[in-house]
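For reference, the structure discussed in these notes is given below.
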Amino acid sequence: MKATTERLDTVDVARLQSVLDGRWASIRNEVRGLVRSSPWLRSGSGLSTDAYRARVAEQARALSQTKGARLFFPKSSGGEGDIGGALTAFEMIALVDLSLLVKIGVQWGLFGGVIQNLGTPKHHERYLRHAMTMDLPGCFAMTETGHGSDVQSVRTTATYDPQRHQFVVHTPDDDARKDYIGNVAKDGRMAAVFAQLITMGKSRGVHVLLVPIRDEKGRPCPGVRIEDCGEKEGLNGVDNGRLWFDEVRVPRDALLDRYGTVAPDGTYSSPIENETKRFFTMLGTLIAGRISVSGAALSATKLAQTIAVRYGLGRRQFHAPGSDQEVILLDYLQHQRRLLPALATTYALHFAQESVVATLYELSSQTAGAERERRTLEALAAALKVATTWHATNTIQTCREACGGAGYLSVNQLPQLKADTDVFTTFEGDNTVLLQLVARGLLTNYREEFESLDTPSLVRFIADQAIGTVIERTAARPFADWIADTVPGSDKDTNLLDRKYHGRLFAWREKHAVETVARRLRKGMAQAGDAFAAFNAAQDHVLLAARAHIDRVVLERFVAAIDRCDDPDTKALLNKVCDLYVLSTLERDRAYFLEHGQLSAARAKAVILNVNRLCSELRPHARLLVDAFGIPEELITAPIA
């Protein structure tokens, strides 16, 4: 142990930061340089709502002239065509102001992204460059008041008129209004509208049309009604609004028709015959939005942890016996327990996020094939979005409490981080819905037994607005080589810090949970014959299986990142951080492992003792661990930091 401690003492910030910066380190450094040289890149929180929105809009327009905007768009439209770099830049911009992040995310990732992914060359040529430069401010009109995550049931209609070669876009009632749409209340001039496509008297399912909502002078277009959502808990630099359409006419080529085309006479055709599969294929192309939310949640968490750790190292309270100095907060074990296990989890999630971004980048360069890989990525992106956003919500609150009353002051940034990230757990997919979708993918191995799980009613029940069904992923696929697909068995002779033991334990829990869900569904359907009732009755177990899957995948990605590290000292530190991540997760869920005979009572107690020990051993490196995030000092404005 002494040698390990000495090795940890030689780790420096630069080497650890280089590991965290990863493949797109140059992009991270470019954004850091831009932040340091651009006083206008600072948060506008604290302003009035109107002033805040104006500031964010001005910042977004300025960013549209930088390389960051070009990363999102293809080279054919004047962009850089680097989705991995774009998502990395997004993570860094999230440190500036989350309202700014959402503003440009709507403009480039959602509005620009839907044109790029669902449109055809005529749409790309006409609109993409203008979306990139923000000459055409746009919005993404998917969500409706009455349906939320159930996008397949939206009730806005787009009815084709073959006599005039136009679509008539209409909102039948208030439940069908487009709600909470970013860029609508103030700046947007065109909306990508999700609507039920009707042609030749038949519904063709949900498609997307580009509909002008304001003219060049900022006035609502005829038939378009716009309403401001008003002030929110956070993200008040974003002009969220509502949209109604009263028989608004748009030309036939307003339809983004990569997956569904309407001929001049109204004939409909699609390369994907099945309507449900077509719907989820369309939404699966928008995966980058979910990944960007995950990255933004992590950035906010890192900033909060940097503030809390620095405060904990500087604040003293209560005298130790025989000492004339008060004790540093972070020297208290309970304060370490508040902050350090969560910090270890942030590291684990960081490397999982990095792997998802890299996979998306690799797949984006493939023009055909890799359908299974894409669907697997969609499920993983959903799982990671759940993990990072709930982690952000819980950790930022803990950081606020760890800073006492000082953490409650707006000047110390934590209240704004809390307010701005709170909605992340429900946008780009409600987390509970996403967990059910992840679990459904895991249950594919049992598809023949539960064929009725693919009925439209159940699909709608667990569907989400930006990911397709994961119908080809199988729970029987082997886990990584370092995780043996076996029951861990007796733990009495196993080293509690053995990484293969960790992997087997996490893999066993996932496998056992999935198999148990399958048995419950089989029994429920045998008794009632109703897929929905069977699934609904097993929801608790469904969510457990999905969370077990997330924990296993995150551990796998963390270990892979450590294996890539070629500096022995940095690797030793990361291994200790990984130990804390694993053991704090086991501590959180030790009841499950005890109930299922995978931890003895003595071993469960040893887990607690080892968490305490690891917190003490990592305490001297707490400042190093947060400084390695590489957050520009200009963005750490909290006086307590």
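Residue numbering restarts at 1 for every chain of the structure tokens, chains are lettered A, B, ... in their displayed order, and ligands are numbered from 1 as they appear.
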Exercise. Taking the chain letters and numbering used in this document, name the residues of range 107-261 of chain A that DSSP puts in alpha helix (DSSP H), as a list in words.
Key: Gly113, Val114, Ile115, Gln116, Asn117, Leu118, Pro121, Lys122, His123, Arg129, His130, Ala131, Met132 and Thr133 of chain A
Quiz item: Within 12 Å of Tyr127 in chain A, counting only C-alpha atoms, which residues qualify if same-chain residues fewer than 2 places away don't, as a ChimeraX atom specification?
Solution: /A:73,77-78,108,111-116,119-125,129-138,190,192,210,254,256
Next, write the just-selected residues to a file, as a CSV table (one decimal), in the first residue's frame, keeping N, CA and C atoms as the atom set.
chain,number,residue,atom,x,y,z
A,73,PHE,N,-22.2,20.2,-38.9
A,73,PHE,CA,-22.8,20.2,-40.3
A,73,PHE,C,-21.8,19.5,-41.3
A,77,SER,N,-22.2,21.4,-46.9
A,77,SER,CA,-22.9,22.6,-46.5
A,77,SER,C,-22.0,23.6,-45.9
A,78,GLY,N,-20.7,23.4,-46.0
A,78,GLY,CA,-19.7,24.4,-45.4
A,78,GLY,C,-19.3,24.0,-44.0
A,108,TRP,N,-28.8,23.9,-33.9
A,108,TRP,CA,-27.9,23.1,-34.7
A,108,TRP,C,-28.3,21.6,-34.5
A,111,PHE,N,-33.0,21.4,-34.9
A,111,PHE,CA,-33.5,21.9,-36.1
A,111,PHE,C,-32.6,21.5,-37.3
A,112,GLY,N,-31.3,21.8,-37.2
A,112,GLY,CA,-30.3,21.5,-38.2
A,112,GLY,C,-30.2,20.0,-38.4
A,113,GLY,N,-30.2,19.2,-37.2
A,113,GLY,CA,-30.1,17.8,-37.3
A,113,GLY,C,-31.3,17.1,-38.0
A,114,VAL,N,-32.5,17.6,-37.7
A,114,VAL,CA,-33.6,16.9,-38.4
A,114,VAL,C,-33.6,17.2,-39.9
A,115,ILE,N,-33.2,18.3,-40.3
A,115,ILE,CA,-33.1,18.6,-41.7
A,115,ILE,C,-32.0,17.7,-42.4
A,116,GLN,N,-30.9,17.6,-41.7
A,116,GLN,CA,-29.8,16.8,-42.2
A,116,GLN,C,-30.1,15.3,-42.3
A,119,GLY,N,-34.1,15.0,-44.1
A,119,GLY,CA,-34.3,15.6,-45.4
A,119,GLY,C,-33.5,15.0,-46.4
A,120,THR,N,-33.6,15.5,-47.7
A,120,THR,CA,-32.9,15.0,-48.8
A,120,THR,C,-32.1,16.1,-49.4
A,121,PRO,N,-31.2,15.9,-50.4
A,121,PRO,CA,-30.3,16.9,-50.9
A,121,PRO,C,-31.0,18.3,-51.1
A,122,LYS,N,-32.2,18.3,-51.6
A,122,LYS,CA,-32.8,19.6,-51.9
A,122,LYS,C,-33.0,20.4,-50.6
A,123,HIS,N,-33.3,19.7,-49.5
A,123,HIS,CA,-33.5,20.4,-48.2
A,123,HIS,C,-32.1,20.8,-47.7
A,124,HIS,N,-31.1,19.9,-47.9
A,124,HIS,CA,-29.8,20.3,-47.4
A,124,HIS,C,-29.2,21.5,-48.1
A,125,GLU,N,-29.4,21.6,-49.4
A,125,GLU,CA,-28.9,22.7,-50.2
A,125,GLU,C,-29.6,24.0,-49.8
A,129,ARG,N,-27.0,25.4,-44.6
A,129,ARG,CA,-26.0,26.5,-44.4
A,129,ARG,C,-26.6,27.7,-43.6
A,130,HIS,N,-27.9,27.9,-43.8
A,130,HIS,CA,-28.6,29.0,-43.1
A,130,HIS,C,-28.9,28.6,-41.7
A,131,ALA,N,-29.1,27.3,-41.4
A,131,ALA,CA,-29.3,26.9,-40.1
A,131,ALA,C,-28.0,27.0,-39.3
A,132,MET,N,-26.9,26.7,-40.0
A,132,MET,CA,-25.5,26.7,-39.4
A,132,MET,C,-25.2,28.1,-38.9
A,133,THR,N,-25.4,29.1,-39.8
A,133,THR,CA,-25.0,30.5,-39.5
A,133,THR,C,-26.1,31.2,-38.7
A,134,MET,N,-27.2,30.6,-38.5
A,134,MET,CA,-28.3,31.2,-37.7
A,134,MET,C,-29.0,32.3,-38.5
A,135,ASP,N,-28.8,32.3,-39.8
A,135,ASP,CA,-29.6,33.3,-40.7
A,135,ASP,C,-31.0,32.8,-40.7
A,136,LEU,N,-31.2,31.5,-40.5
A,136,LEU,CA,-32.6,31.0,-40.3
A,136,LEU,C,-32.7,30.4,-39.0
A,137,PRO,N,-33.2,31.2,-38.0
A,137,PRO,CA,-33.4,30.6,-36.6
A,137,PRO,C,-34.6,29.6,-36.7
A,138,GLY,N,-34.3,28.4,-36.1
A,138,GLY,CA,-35.4,27.4,-36.2
A,138,GLY,C,-35.7,26.8,-34.9
A,190,MET,N,-38.7,29.4,-38.4
A,190,MET,CA,-39.2,28.2,-39.1
A,190,MET,C,-39.2,27.0,-38.1
A,192,ALA,N,-39.6,22.8,-37.5
A,192,ALA,CA,-39.7,21.4,-38.0
A,192,ALA,C,-40.8,20.7,-37.2
A,210,LEU,N,-41.3,21.2,-42.7
A,210,LEU,CA,-40.7,22.6,-42.4
A,210,LEU,C,-41.8,23.6,-42.6
A,254,ALA,N,-42.0,20.8,-48.6
A,254,ALA,CA,-41.7,21.1,-47.2
A,254,ALA,C,-41.6,19.8,-46.4
A,256,LEU,N,-40.0,16.6,-45.1
A,256,LEU,CA,-38.6,16.0,-45.1
A,256,LEU,C,-38.8,14.5,-45.4
Exercise. May I ask which of the residues A:Arg316, A:Arg619, A:Arg70, A:Arg155 is the closest one to Gly109 in chain A, counting only C-alpha atoms?
Key: A:Arg70
Practice problem: Assign secondary structure with DSSP using the backbone only, and return the residues of range 284-431 of chain A in strand (DSSP E) as a ChimeraX atom specification. | Solution: /A:316-319,326-328
For the selection you just gave me, I'd like the residues written to a file as an mmCIF file, in the first residue's frame, keeping N, CA and C atoms.
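To be explicit, this is the file written out as part.cif:
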data_model
loop_
_atom_site.group_PDB
_atom_site.id
_atom_site.type_symbol
_atom_site.label_atom_id
_atom_site.label_comp_id
_atom_site.auth_asym_id
_atom_site.auth_seq_id
_atom_site.Cartn_x
_atom_site.Cartn_y
_atom_site.Cartn_z
ATOM 1 N N ARG A 316 -13.054 25.697 7.355
ATOM 2 C CA ARG A 316 -12.758 24.987 8.602
ATOM 3 C C ARG A 316 -13.939 25.116 9.560
ATOM 4 N N GLN A 317 -14.116 24.088 10.372
ATOM 5 C CA GLN A 317 -15.210 24.137 11.345
ATOM 6 C C GLN A 317 -14.949 23.157 12.495
ATOM 7 N N PHE A 318 -15.087 23.621 13.718
ATOM 8 C CA PHE A 318 -14.910 22.858 14.962
ATOM 9 C C PHE A 318 -13.441 22.492 15.208
ATOM 10 N N HIS A 319 -13.063 22.631 16.455
ATOM 11 C CA HIS A 319 -11.697 22.301 16.860
ATOM 12 C C HIS A 319 -11.574 20.814 17.183
ATOM 13 N N GLU A 326 -9.215 24.935 13.710
ATOM 14 C CA GLU A 326 -10.419 24.193 13.363
ATOM 15 C C GLU A 326 -10.107 23.196 12.239
ATOM 16 N N VAL A 327 -10.946 22.193 12.124
ATOM 17 C CA VAL A 327 -10.704 21.103 11.184
ATOM 18 C C VAL A 327 -11.201 21.485 9.786
ATOM 19 N N ILE A 328 -10.393 21.179 8.779
ATOM 20 C CA ILE A 328 -10.808 21.375 7.385
ATOM 21 C C ILE A 328 -11.994 20.456 7.093
#
Practice problem: Select, from A:Pro162, A:Gly289, A:Gly295, A:Gly85, the residue with the minimum atom-to-atom distance to Thr388 in chain A, counting only C-alpha atoms. | Solution: A:Gly295
Exercise. Could you give me, as JSON, numbers by chain, the residues within 12 Å of Leu330 in chain A, counting only C-alpha atoms and dropping anything in the same chain fewer than 3 positions from it?
Key: {"A": [308, 309, 310, 311, 312, 313, 314, 315, 316, 317, 326, 327, 333, 334, 335, 336, 337, 338, 339, 340, 402, 403, 615, 616, 618, 619, 620, 621, 622, 623]}
Residues of the last selection are to be written out with N, CA, C and O atoms, as a compact mmCIF listing (two decimals), in the first residue's frame.
# COMPACT_ATOMS: atom_id res chain seq x y z
N ALA A 308 -17.60 22.58 -4.82
CA ALA A 308 -17.79 21.97 -3.49
C ALA A 308 -16.48 21.43 -2.92
O ALA A 308 -16.22 21.58 -1.71
N VAL A 309 -15.66 20.81 -3.74
CA VAL A 309 -14.38 20.28 -3.26
C VAL A 309 -13.46 21.42 -2.85
O VAL A 309 -12.81 21.37 -1.78
N ARG A 310 -13.38 22.46 -3.65
CA ARG A 310 -12.52 23.59 -3.28
C ARG A 310 -13.00 24.24 -1.98
O ARG A 310 -12.19 24.61 -1.13
N TYR A 311 -14.31 24.36 -1.85
CA TYR A 311 -14.84 24.93 -0.61
C TYR A 311 -14.50 24.02 0.57
O TYR A 311 -14.10 24.49 1.64
N GLY A 312 -14.66 22.71 0.37
CA GLY A 312 -14.37 21.77 1.44
C GLY A 312 -12.91 21.76 1.87
O GLY A 312 -12.59 21.40 3.00
N LEU A 313 -12.03 22.17 0.97
CA LEU A 313 -10.60 22.24 1.30
C LEU A 313 -10.22 23.55 1.97
O LEU A 313 -9.15 23.65 2.59
N GLY A 314 -11.07 24.55 1.84
CA GLY A 314 -10.74 25.86 2.41
C GLY A 314 -11.51 26.21 3.67
O GLY A 314 -11.05 27.02 4.48
N ARG A 315 -12.65 25.62 3.86
CA ARG A 315 -13.52 25.93 5.00
C ARG A 315 -13.14 25.09 6.20
O ARG A 315 -12.93 23.87 6.09
N ARG A 316 -13.05 25.70 7.35
CA ARG A 316 -12.76 24.99 8.60
C ARG A 316 -13.94 25.12 9.56
O ARG A 316 -14.63 26.14 9.56
N GLN A 317 -14.12 24.09 10.37
CA GLN A 317 -15.21 24.14 11.34
C GLN A 317 -14.95 23.16 12.50
O GLN A 317 -14.60 22.00 12.24
N GLU A 326 -9.21 24.93 13.71
CA GLU A 326 -10.42 24.19 13.36
C GLU A 326 -10.11 23.20 12.24
O GLU A 326 -9.15 23.35 11.48
N VAL A 327 -10.95 22.19 12.12
CA VAL A 327 -10.70 21.10 11.18
C VAL A 327 -11.20 21.49 9.79
O VAL A 327 -12.29 22.04 9.62
N LEU A 333 -14.62 12.47 7.67
CA LEU A 333 -14.96 11.31 6.85
C LEU A 333 -16.33 11.48 6.20
O LEU A 333 -16.51 11.16 5.02
N GLN A 334 -17.30 11.98 6.94
CA GLN A 334 -18.64 12.10 6.37
C GLN A 334 -18.67 13.10 5.22
O GLN A 334 -19.42 12.93 4.25
N HIS A 335 -17.84 14.14 5.29
CA HIS A 335 -17.78 15.09 4.19
C HIS A 335 -17.12 14.43 2.98
O HIS A 335 -17.54 14.66 1.83
N GLN A 336 -16.11 13.62 3.21
CA GLN A 336 -15.50 12.85 2.12
C GLN A 336 -16.54 11.93 1.49
O GLN A 336 -16.62 11.81 0.26
N ARG A 337 -17.34 11.29 2.34
CA ARG A 337 -18.37 10.38 1.82
C ARG A 337 -19.42 11.13 1.01
O ARG A 337 -20.00 10.57 0.08
N ARG A 338 -19.69 12.36 1.37
CA ARG A 338 -20.64 13.16 0.60
C ARG A 338 -20.13 13.40 -0.82
O ARG A 338 -20.89 13.31 -1.79
N LEU A 339 -18.85 13.71 -0.93
CA LEU A 339 -18.34 14.22 -2.20
C LEU A 339 -17.56 13.22 -3.04
O LEU A 339 -17.66 13.22 -4.27
N LEU A 340 -16.78 12.35 -2.43
CA LEU A 340 -15.82 11.57 -3.21
C LEU A 340 -16.44 10.38 -3.95
O LEU A 340 -16.06 10.13 -5.10
N ALA A 402 -23.28 20.46 0.87
CA ALA A 402 -21.91 20.38 1.39
C ALA A 402 -21.28 21.77 1.54
O ALA A 402 -20.28 21.92 2.25
N CYS A 403 -21.87 22.76 0.90
CA CYS A 403 -21.38 24.14 1.02
C CYS A 403 -22.25 24.96 1.97
O CYS A 403 -22.06 26.19 2.08
N CYS A 615 -12.11 6.58 0.56
CA CYS A 615 -12.34 8.02 0.70
C CYS A 615 -11.13 8.69 1.36
O CYS A 615 -10.68 9.75 0.92
N SER A 616 -10.61 8.08 2.41
CA SER A 616 -9.44 8.63 3.10
C SER A 616 -8.21 8.67 2.20
O SER A 616 -7.44 9.62 2.20
N LEU A 618 -8.16 8.82 -1.09
CA LEU A 618 -8.33 9.76 -2.20
C LEU A 618 -8.46 11.20 -1.73
O LEU A 618 -8.36 12.12 -2.55
N ARG A 619 -8.69 11.39 -0.44
CA ARG A 619 -8.81 12.76 0.10
C ARG A 619 -7.64 13.66 -0.30
O ARG A 619 -7.85 14.80 -0.73
N PRO A 620 -6.36 13.22 -0.23
CA PRO A 620 -5.27 14.12 -0.61
C PRO A 620 -5.26 14.48 -2.10
O PRO A 620 -4.58 15.43 -2.50
N HIS A 621 -6.03 13.74 -2.90
CA HIS A 621 -6.02 13.96 -4.35
C HIS A 621 -7.31 14.60 -4.84
O HIS A 621 -7.54 14.69 -6.05
N ALA A 622 -8.15 15.05 -3.92
CA ALA A 622 -9.46 15.58 -4.31
C ALA A 622 -9.32 16.80 -5.22
O ALA A 622 -10.00 16.92 -6.24
N ARG A 623 -8.42 17.72 -4.86
CA ARG A 623 -8.24 18.92 -5.69
C ARG A 623 -7.70 18.54 -7.07
O ARG A 623 -8.14 19.08 -8.10
Quiz item: Counting only C-alpha atoms, what is within 6 Å of Leu71 in chain A, bar same-chain residues fewer than 6 positions away, as a list in words?
Solution: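 Contacts, with the query itself left out: Gly79, Glu80, Gly81, Asp82 and Ala86 of chain A.
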